[in-house]
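Text of the file entry-v3.csv, holding CSV, C-alpha atoms:
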chain,number,residue,atom,x,y,z
A,1,MET,CA,-83.6,-97.3,72.5
A,2,TRP,CA,-87.2,-96.9,73.6
A,3,ASN,CA,-88.4,-98.8,70.6
A,4,LEU,CA,-86.0,-101.6,71.2
A,5,ARG,CA,-87.0,-101.8,74.8
A,6,ASN,CA,-90.6,-101.8,73.9
A,7,ALA,CA,-90.2,-104.5,71.3
A,8,ALA,CA,-88.2,-106.6,73.8
A,9,ARG,CA,-91.0,-106.2,76.4
A,10,GLU,CA,-93.6,-107.3,74.0
A,11,LEU,CA,-91.6,-110.2,72.6
A,12,ALA,CA,-90.8,-111.7,76.0
A,13,PRO,CA,-94.3,-113.1,76.7
A,14,VAL,CA,-94.4,-114.6,73.1
A,15,VAL,CA,-91.1,-116.4,73.8
A,16,ARG,CA,-92.6,-117.7,77.1
A,17,ALA,CA,-95.8,-118.8,75.4
A,18,PHE,CA,-94.1,-120.7,72.6
A,19,PRO,CA,-92.9,-123.8,74.5
A,20,ALA,CA,-96.4,-124.4,76.0
A,21,HIS,CA,-98.5,-123.6,72.8
A,22,PRO,CA,-96.1,-123.6,69.8
A,23,VAL,CA,-98.9,-124.2,67.2
A,24,GLN,CA,-101.1,-121.4,68.6
A,25,VAL,CA,-98.2,-119.0,68.6
A,26,ILE,CA,-97.1,-119.8,65.1
A,27,GLN,CA,-100.7,-119.4,63.8
A,28,ALA,CA,-101.3,-116.2,65.7
A,29,LEU,CA,-98.2,-114.3,64.7
A,30,PRO,CA,-99.0,-113.5,61.0
A,31,ASP,CA,-102.4,-112.0,61.9
A,32,GLU,CA,-100.8,-110.1,64.8
A,33,TRP,CA,-98.3,-108.6,62.4
A,34,ARG,CA,-101.1,-107.7,59.9
A,35,GLN,CA,-103.2,-105.9,62.4
A,36,ARG,CA,-100.2,-103.9,63.7
A,37,MET,CA,-98.8,-103.0,60.3
A,38,GLY,CA,-102.0,-102.4,58.3
A,39,ARG,CA,-103.2,-99.0,57.4
A,40,ALA,CA,-106.7,-97.9,56.1
A,41,SER,CA,-107.1,-95.6,53.2
A,42,ALA,CA,-109.5,-93.3,55.1
A,43,THR,CA,-108.4,-89.7,55.6
A,44,ALA,CA,-109.2,-87.1,58.3
A,45,ALA,CA,-112.0,-85.7,56.1
A,46,ASP,CA,-113.8,-89.1,56.3
A,47,PHE,CA,-114.3,-88.9,60.0
A,48,ASP,CA,-117.5,-87.5,61.5
A,49,ALA,CA,-116.9,-85.1,64.4
A,50,ASP,CA,-120.6,-85.0,65.3
A,51,TRP,CA,-121.0,-88.8,65.1
A,52,ASN,CA,-122.7,-89.1,68.4
A,53,GLU,CA,-125.5,-86.7,67.5
A,54,HIS,CA,-125.8,-88.3,64.1
A,55,LEU,CA,-126.0,-91.8,65.6
A,56,HIS,CA,-128.8,-90.7,67.9
A,57,GLY,CA,-130.6,-89.3,64.9
A,58,LEU,CA,-130.4,-92.7,63.1
A,59,LEU,CA,-131.6,-94.4,66.3
A,60,GLY,CA,-134.5,-92.0,66.7
A,61,ALA,CA,-133.2,-91.1,70.1
A,62,PRO,CA,-133.1,-87.8,71.9
A,63,TRP,CA,-130.1,-85.5,71.7
A,64,PRO,CA,-128.4,-84.3,73.9
A,65,CYS,CA,-128.5,-87.8,75.4
A,66,PRO,CA,-129.5,-88.1,79.0
A,67,GLU,CA,-127.6,-91.5,79.2
A,68,VAL,CA,-124.1,-90.1,78.9
A,69,GLU,CA,-123.7,-89.1,82.6
A,70,ARG,CA,-124.9,-92.6,83.8
A,71,LEU,CA,-122.2,-94.2,81.5
A,72,ARG,CA,-119.5,-92.1,83.0
A,73,GLU,CA,-120.5,-93.2,86.5
A,74,LEU,CA,-120.5,-96.8,85.3
A,75,LEU,CA,-117.1,-96.6,83.7
A,76,ALA,CA,-115.6,-95.1,86.9
A,77,GLU,CA,-117.2,-98.1,88.8
A,78,VAL,CA,-115.8,-100.6,86.3
A,79,GLY,CA,-112.3,-99.0,86.5
A,80,ALA,CA,-112.3,-99.1,90.3
A,81,PHE,CA,-113.5,-102.7,90.3
A,82,LEU,CA,-110.7,-103.8,87.9
A,83,SER,CA,-108.1,-102.0,90.0
A,84,GLU,CA,-109.3,-103.9,93.0
A,85,GLN,CA,-108.7,-107.1,91.1
A,86,GLY,CA,-105.2,-106.0,90.4
A,87,VAL,CA,-105.4,-105.9,86.6
A,88,GLY,CA,-106.2,-102.2,85.9
A,89,THR,CA,-108.0,-100.9,82.8
A,90,GLY,CA,-107.3,-98.9,79.7
A,91,LEU,CA,-104.4,-99.0,77.3
A,92,HIS,CA,-102.2,-102.1,77.2
A,93,THR,CA,-103.6,-103.8,80.3
A,94,TYR,CA,-104.6,-107.1,78.7
A,95,GLY,CA,-101.1,-107.9,77.5
A,96,TRP,CA,-100.5,-105.3,74.8
A,97,TYR,CA,-104.2,-105.1,74.0
A,98,SER,CA,-106.5,-102.5,75.5
A,99,ASP,CA,-110.0,-102.3,76.9
A,100,ALA,CA,-112.8,-100.6,75.0
A,101,ASP,CA,-112.2,-96.8,75.0
A,102,ILE,CA,-114.7,-94.1,76.0
A,103,ASP,CA,-116.0,-93.5,72.4
A,104,LEU,CA,-116.7,-97.2,71.7
A,105,CYS,CA,-118.3,-97.5,75.2
A,106,THR,CA,-120.5,-94.5,74.6
A,107,ALA,CA,-121.7,-95.8,71.3
A,108,ILE,CA,-122.4,-99.3,72.8
A,109,TRP,CA,-124.2,-97.9,75.9
A,110,CYS,CA,-126.4,-95.5,73.9
A,111,THR,CA,-127.2,-98.0,71.2
A,112,VAL,CA,-128.3,-100.7,73.7
A,113,ARG,CA,-130.2,-98.3,75.9
A,114,HIS,CA,-132.1,-96.7,73.0
A,115,THR,CA,-132.8,-99.7,70.8
A,116,GLN,CA,-133.4,-102.2,73.7
A,117,PRO,CA,-132.2,-105.2,71.6
A,118,GLU,CA,-133.1,-108.8,72.5
A,119,VAL,CA,-129.9,-110.2,70.9
A,120,VAL,CA,-126.4,-108.7,71.0
A,121,LEU,CA,-123.3,-110.4,69.7
A,122,GLU,CA,-119.7,-109.3,70.3
A,123,THR,CA,-116.3,-110.6,69.3
A,124,GLY,CA,-113.4,-109.9,71.5
A,125,VAL,CA,-113.8,-109.7,75.3
A,126,ALA,CA,-110.4,-109.2,77.1
A,127,HIS,CA,-111.3,-107.9,80.6
A,128,GLY,CA,-114.9,-107.6,79.5
A,129,VAL,CA,-115.4,-103.9,79.8
A,130,SER,CA,-117.6,-103.7,76.7
A,131,SER,CA,-119.4,-106.8,77.9
A,132,ARG,CA,-120.1,-105.2,81.2
A,133,ILE,CA,-121.4,-102.0,79.5
A,134,ILE,CA,-123.8,-104.1,77.3
A,135,LEU,CA,-125.0,-106.2,80.2
A,136,GLU,CA,-125.6,-103.2,82.6
A,137,ALA,CA,-127.6,-101.5,79.8
A,138,MET,CA,-129.6,-104.7,79.3
A,139,ASN,CA,-130.3,-105.0,83.1
A,140,LEU,CA,-131.7,-101.4,83.0
A,141,ASN,CA,-133.8,-102.3,79.9
A,142,ASP,CA,-134.9,-105.5,81.6
A,143,ARG,CA,-134.5,-107.4,78.4
A,144,GLY,CA,-131.8,-108.9,76.1
A,145,HIS,CA,-129.0,-111.5,76.0
A,146,LEU,CA,-125.3,-111.1,75.0
A,147,TRP,CA,-123.2,-113.7,73.3
A,148,SER,CA,-119.5,-113.0,73.4
A,149,ILE,CA,-117.0,-114.9,71.2
A,150,ASP,CA,-113.3,-114.8,72.2
A,151,ILE,CA,-110.2,-116.8,72.9
A,152,ALA,CA,-107.5,-116.2,75.5
A,153,ASN,CA,-104.6,-114.1,74.3
A,154,PRO,CA,-102.5,-116.8,72.4
A,155,LEU,CA,-99.3,-114.8,72.6
A,156,ASN,CA,-99.4,-113.9,76.3
A,157,LEU,CA,-100.1,-116.5,78.9
A,158,SER,CA,-99.8,-114.1,81.8
A,159,VAL,CA,-103.2,-112.6,81.2
A,160,HIS,CA,-105.0,-116.0,80.9
A,161,GLY,CA,-107.9,-116.2,83.3
A,162,GLN,CA,-108.6,-112.4,83.1
A,163,GLU,CA,-111.2,-112.8,80.3
A,164,GLY,CA,-114.5,-111.2,81.3
A,165,ILE,CA,-113.2,-110.4,84.8
A,166,ALA,CA,-115.1,-107.0,84.7
A,167,VAL,CA,-118.5,-108.8,84.4
A,168,THR,CA,-120.1,-109.1,87.8
A,169,GLU,CA,-122.4,-111.9,89.0
A,170,SER,CA,-125.5,-109.7,88.7
A,171,CYS,CA,-124.8,-109.4,84.9
A,172,ARG,CA,-123.9,-113.0,84.2
A,173,PRO,CA,-127.5,-114.4,83.8
A,174,ARG,CA,-127.8,-112.4,80.5
A,175,TRP,CA,-124.3,-113.5,79.2
A,176,THR,CA,-123.0,-116.4,77.3
A,177,TYR,CA,-119.3,-116.6,76.7
A,178,VAL,CA,-118.4,-118.7,73.6
A,179,GLU,CA,-114.7,-119.7,73.6
A,180,GLY,CA,-113.1,-120.0,70.2
A,181,GLU,CA,-112.2,-118.2,67.0
A,182,SER,CA,-115.0,-116.2,65.3
A,183,SER,CA,-114.2,-117.8,62.0
A,184,ARG,CA,-115.5,-121.1,63.5
A,185,ARG,CA,-117.9,-120.1,66.2
A,186,MET,CA,-119.7,-117.2,64.6
A,187,PRO,CA,-121.6,-118.9,61.7
A,188,PRO,CA,-123.3,-121.6,63.8
A,189,LEU,CA,-124.0,-119.1,66.6
A,190,VAL,CA,-125.7,-116.6,64.2
A,191,LYS,CA,-127.7,-119.5,62.8
A,192,ARG,CA,-128.8,-120.5,66.3
A,193,VAL,CA,-129.8,-117.1,67.6
A,194,GLY,CA,-131.6,-116.3,64.4
A,195,LYS,CA,-131.1,-112.5,64.5
A,196,VAL,CA,-128.4,-110.0,65.5
A,197,GLU,CA,-129.8,-106.6,66.4
A,198,VAL,CA,-126.5,-105.2,67.7
A,199,PHE,CA,-123.0,-106.4,66.7
A,200,ILE,CA,-119.7,-105.3,68.2
A,201,HIS,CA,-116.4,-106.2,66.6
A,202,ASP,CA,-113.3,-105.9,68.9
A,203,SER,CA,-111.4,-109.1,68.0
A,204,LEU,CA,-108.7,-109.6,65.4
A,205,HIS,CA,-108.4,-106.3,63.5
A,206,THR,CA,-107.5,-107.5,60.1
A,207,PHE,CA,-109.3,-106.9,56.8
A,208,LYS,CA,-110.2,-110.5,56.3
A,209,ASN,CA,-111.5,-111.1,59.8
A,210,THR,CA,-113.4,-107.8,60.2
A,211,LEU,CA,-115.2,-108.1,56.8
A,212,PHE,CA,-116.0,-111.8,57.5
A,213,GLU,CA,-117.6,-110.9,60.9
A,214,MET,CA,-119.6,-108.0,59.5
A,215,GLU,CA,-120.9,-110.1,56.6
A,216,GLN,CA,-122.0,-112.8,59.1
A,217,ALA,CA,-123.8,-110.2,61.3
A,218,ALA,CA,-125.4,-108.4,58.3
A,219,ALA,CA,-127.0,-111.7,57.1
A,220,ALA,CA,-129.0,-111.9,60.3
A,221,MET,CA,-129.5,-108.1,61.0
A,222,PRO,CA,-133.0,-106.6,60.8
A,223,PRO,CA,-133.6,-103.0,59.8
A,224,GLY,CA,-132.5,-100.6,62.5
A,225,GLY,CA,-129.7,-103.0,63.6
A,226,VAL,CA,-126.4,-101.5,64.5
A,227,MET,CA,-122.8,-102.6,64.0
A,228,LEU,CA,-120.0,-101.0,66.0
A,229,ILE,CA,-116.5,-101.9,64.6
A,230,ASP,CA,-113.4,-101.1,66.6
A,231,ASP,CA,-109.9,-100.2,65.3
A,232,VAL,CA,-110.8,-99.6,61.7
A,233,ARG,CA,-107.6,-97.6,61.0
A,234,SER,CA,-105.6,-100.7,60.4
A,235,HIS,CA,-107.4,-102.0,57.3
A,236,ASP,CA,-110.2,-101.2,54.8
A,237,GLY,CA,-112.6,-104.0,55.9
A,238,PHE,CA,-115.2,-101.5,57.2
A,239,THR,CA,-115.1,-99.3,54.1
A,240,THR,CA,-115.3,-102.3,51.8
A,241,PHE,CA,-118.4,-103.5,53.6
A,242,ALA,CA,-119.9,-100.0,53.3
A,243,ARG,CA,-119.4,-100.0,49.6
A,244,ARG,CA,-120.9,-103.5,49.2
A,245,HIS,CA,-123.9,-102.7,51.4
A,246,PRO,CA,-125.5,-99.3,50.6
A,247,GLU,CA,-128.5,-100.3,52.6
A,248,PHE,CA,-126.3,-99.5,55.7
A,249,THR,CA,-125.8,-95.9,56.7
A,250,THR,CA,-122.1,-95.7,57.9
A,251,MET,CA,-119.8,-93.3,59.6
A,252,LEU,CA,-116.3,-93.2,60.9
A,253,VAL,CA,-115.4,-92.0,64.4
A,254,SER,CA,-111.9,-90.9,65.5
A,255,THR,CA,-111.3,-91.7,69.1
A,256,LEU,CA,-110.2,-88.9,71.5
A,257,ASP,CA,-106.5,-89.8,71.3
A,258,GLY,CA,-106.6,-89.6,67.5
A,259,VAL,CA,-105.0,-93.0,67.3
A,260,GLY,CA,-108.0,-95.4,67.3
A,261,ALA,CA,-111.2,-95.3,65.2
A,262,VAL,CA,-114.6,-96.9,65.3
A,263,GLY,CA,-116.9,-97.6,62.4
A,264,ILE,CA,-120.6,-97.4,62.8
A,265,ALA,CA,-123.1,-99.0,60.4
A,266,VAL,CA,-126.9,-98.8,60.9
A,267,ALA,CA,-129.1,-101.1,58.8
A,268,GLY,CA,-131.7,-99.3,56.7
Mind turning this structure into structure tokens?
Amino acid sequence: MWNLRNAARELAPVVRAFPAHPVQVIQALPDEWRQRMGRASATAADFDADWNEHLHGLLGAPWPCPEVERLRELLAEVGAFLSEQGVGTGLHTYGWYSDADIDLCTAIWCTVRHTQPEVVLETGVAHGVSSRIILEAMNLNDRGHLWSIDIANPLNLSVHGQEGIAVTESCRPRWTYVEGESSRRMPPLVKRVGKVEVFIHDSLHTFKNTLFEMEQAAAAMPPGGVMLIDDVRSHDGFTTFARRHPEFTTMLVSTLDGVGAVGIAVAG
């Protein structure tokens, strides 16, 4: 019964969205199905329990990291801010999608603080928790600009207008939001910015889309650049990229809940 109720709850916004945007809904449903039903071939032995220490080693950054406590304070601030806006944060608060979890946020924060990039590109925004993390780190670095590519949830009209709501006015001068699908927006954007020092994928989690985005970012990534790829348990896009690009050092991270996973790739 719970599964039936849960399915009905998730189907309801799709039914409501269809009359207003029938083409969008029809186009979005197959990929939504793929990212839900896909499974990666990675096993428990492939995940690195000491990933954070190893990431800092690849970045040439100190360990233990003095930045972790500052991130916890920022995440608490972001959570309180979103609660004040009446949207909440965490699992399934942007429709059935979720904000970036603690592991991804930690990897993002430490990467941006330690590498101090000029150009960061991300796909997938939702409430903008990861965007806020990047931008707050850039403000502390006093350098850098973030480009974010995303579209409003095509299957749930009730969350439209919440995109990037976590990003405060003090962060917006360093932020450019690019509305559209990454398949169309990412190639010309990468060409325009010239280089991508940090790339975060948190958009459509399918094999085709993830591999496409990683290849686009890799083509403009200098040595020392970092890719952080969310939700890699649902496909083999990340591991396929790793096999194709031995010049990248890669690792897999299991999130605290044991459900999600993040792929990290550092350009050699």
Go through A:Thr206, A:Ser182, A:Gln162, A:Ser131 one by one, measure the shortest atom-to-atom distance of each to A:Ile149 using all atoms listed in the file, and give the residue with the smallest value.
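Ranked by minimum distance to A:Ile149, first place goes to A:Ser182.
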Selected residue of minimal separation from A:Ala219 among A:Arg72, A:Lys195, A:His201, A:His235, counting only C-alpha atoms:
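The answer is A:Lys195, which sits nearest to A:Ala219.
Taking all atoms listed in the file into account, A:Gly57 lies nearest to A:Gly224 out of the set A:Pro22, A:Pro117, A:Pro173, A:Gly224.
Checking A:Leu146, A:Leu104, A:Val129, A:Leu135 one by one against A:Val78, counting all atoms listed in the file, you find the shortest gap at A:Val129.
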Give me the residues near A:Arg36 as a PyMOL selection string, where near means some atom within 12 Å (using all atoms listed in the file) and where sequence neighbours in that chain fewer than 6 positions away do not count.
chain A and resi 29-30+96-97+204-207+231-235
Next, the residues of the selection above should be written as an mmCIF file, keeping the file's coordinate frame with C-alpha atoms.
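The resulting file, out14.cif, is shown below:
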data_model
loop_
_atom_site.group_PDB
_atom_site.id
_atom_site.type_symbol
_atom_site.label_atom_id
_atom_site.label_comp_id
_atom_site.auth_asym_id
_atom_site.auth_seq_id
_atom_site.Cartn_x
_atom_site.Cartn_y
_atom_site.Cartn_z
ATOM 1 C CA LEU A 29 -98.200 -114.300 64.700
ATOM 2 C CA PRO A 30 -99.000 -113.500 61.000
ATOM 3 C CA TRP A 96 -100.500 -105.300 74.800
ATOM 4 C CA TYR A 97 -104.200 -105.100 74.000
ATOM 5 C CA LEU A 204 -108.700 -109.600 65.400
ATOM 6 C CA HIS A 205 -108.400 -106.300 63.500
ATOM 7 C CA THR A 206 -107.500 -107.500 60.100
ATOM 8 C CA PHE A 207 -109.300 -106.900 56.800
ATOM 9 C CA ASP A 231 -109.900 -100.200 65.300
ATOM 10 C CA VAL A 232 -110.800 -99.600 61.700
ATOM 11 C CA ARG A 233 -107.600 -97.600 61.000
ATOM 12 C CA SER A 234 -105.600 -100.700 60.400
ATOM 13 C CA HIS A 235 -107.400 -102.000 57.300
#
For A:Ala242, list every protein, DNA or RNA residue within 12 Å, evaluated using all atoms listed in the file, and leave out those in the same chain fewer than 5 positions away; present the list as a list of chain:residue names.
A:Leu211, A:Met214, A:Glu215, A:Ala218, A:Met227, A:Ile229, A:Asp236, A:Gly237, A:Glu247, A:Phe248, A:Thr249, A:Thr250, A:Met251, A:Leu252, A:Gly263, A:Ile264, A:Ala265, A:Val266, A:Ala267
Output of the above residues as a tab-separated table (two decimals), keeping the file's coordinate frame, restricted to C-alpha atoms:
chain	number	residue	atom	x	y	z
A	211	LEU	CA	-115.20	-108.10	56.80
A	214	MET	CA	-119.60	-108.00	59.50
A	215	GLU	CA	-120.90	-110.10	56.60
A	218	ALA	CA	-125.40	-108.40	58.30
A	227	MET	CA	-122.80	-102.60	64.00
A	229	ILE	CA	-116.50	-101.90	64.60
A	236	ASP	CA	-110.20	-101.20	54.80
A	237	GLY	CA	-112.60	-104.00	55.90
A	247	GLU	CA	-128.50	-100.30	52.60
A	248	PHE	CA	-126.30	-99.50	55.70
A	249	THR	CA	-125.80	-95.90	56.70
A	250	THR	CA	-122.10	-95.70	57.90
A	251	MET	CA	-119.80	-93.30	59.60
A	252	LEU	CA	-116.30	-93.20	60.90
A	263	GLY	CA	-116.90	-97.60	62.40
A	264	ILE	CA	-120.60	-97.40	62.80
A	265	ALA	CA	-123.10	-99.00	60.40
A	266	VAL	CA	-126.90	-98.80	60.90
A	267	ALA	CA	-129.10	-101.10	58.80
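Taking all atoms listed in the file, the non-local environment of A:Ser254 within 12 Å (same-chain residues fewer than 5 positions away omitted) comprises A:Ala42, A:Thr43, A:Ala44, A:Ala45, A:Asp46, A:Phe47, A:Asp48, A:Ala49, A:Asp50, A:Trp51, A:Asn52, A:Asp101, A:Ile102, A:Asp103, A:Leu104, A:Ile229, A:Asp230, A:Asp231, A:Val232, A:Arg233, A:Val259, A:Gly260, A:Ala261, A:Val262, A:Gly263, A:Ile264.
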Return the single residue from A:Thr210, A:Gln85, A:Gln216, A:Thr93 that is closest to A:Thr239, with distances computed using all atoms listed in the file.
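For A:Thr239, the nearest of the candidates is A:Thr210.
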Atom CA of A:Thr123 and atom CA of A:Pro187, how far apart in Å?
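Going from atom CA of A:Pro187 over to atom CA of A:Thr123, I get 12.4 Å.
Going from atom CA of A:Asp31 to atom CA of A:Asn153 covers 12.8 Å.
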List as JSON, numbers by chain the protein and nucleic acid residues near A:Val178, meaning an atom at most 8 Å away when only C-alpha atoms are counted, but skip any in the same chain fewer than 3 places from it.
{"A": [147, 148, 149, 150, 185]}
Include C-alpha atoms and write out the residues we just selected as a PDB file, in the frame of the given file.
ATOM      1  CA  TRP A 147    -123.200-113.700  73.300  1.00  0.00           C
ATOM      2  CA  SER A 148    -119.500-113.000  73.400  1.00  0.00           C
ATOM      3  CA  ILE A 149    -117.000-114.900  71.200  1.00  0.00           C
ATOM      4  CA  ASP A 150    -113.300-114.800  72.200  1.00  0.00           C
ATOM      5  CA  ARG A 185    -117.900-120.100  66.200  1.00  0.00           C
TER       6      ARG A 185
END
Env of A:Cys65: 9 Å cut, atoms = all atoms listed in the file, seq-sep filter 4 positions within chain, self excluded. Answer as a PDB file with C-alpha atoms, in the coordinates of the input.
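Okay, this is what ended up in result22.pdb:
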ATOM      1  CA  GLU A  53    -125.500 -86.700  67.500  1.00  0.00           C
ATOM      2  CA  HIS A  56    -128.800 -90.700  67.900  1.00  0.00           C
ATOM      3  CA  ALA A  61    -133.200 -91.100  70.100  1.00  0.00           C
ATOM      4  CA  GLU A  69    -123.700 -89.100  82.600  1.00  0.00           C
ATOM      5  CA  CYS A 110    -126.400 -95.500  73.900  1.00  0.00           C
TER       6      CYS A 110
END
Atom pair atom CA of A:Val120 + atom CA of A:Leu75, distance 19.9 Å
Among the residues A:Ser41, A:Gln27, A:Asp142, A:Thr168, the one that comes closest to A:Leu82 [using all atoms listed in the file]
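Closest residue, counting all atoms listed in the file: A:Thr168.
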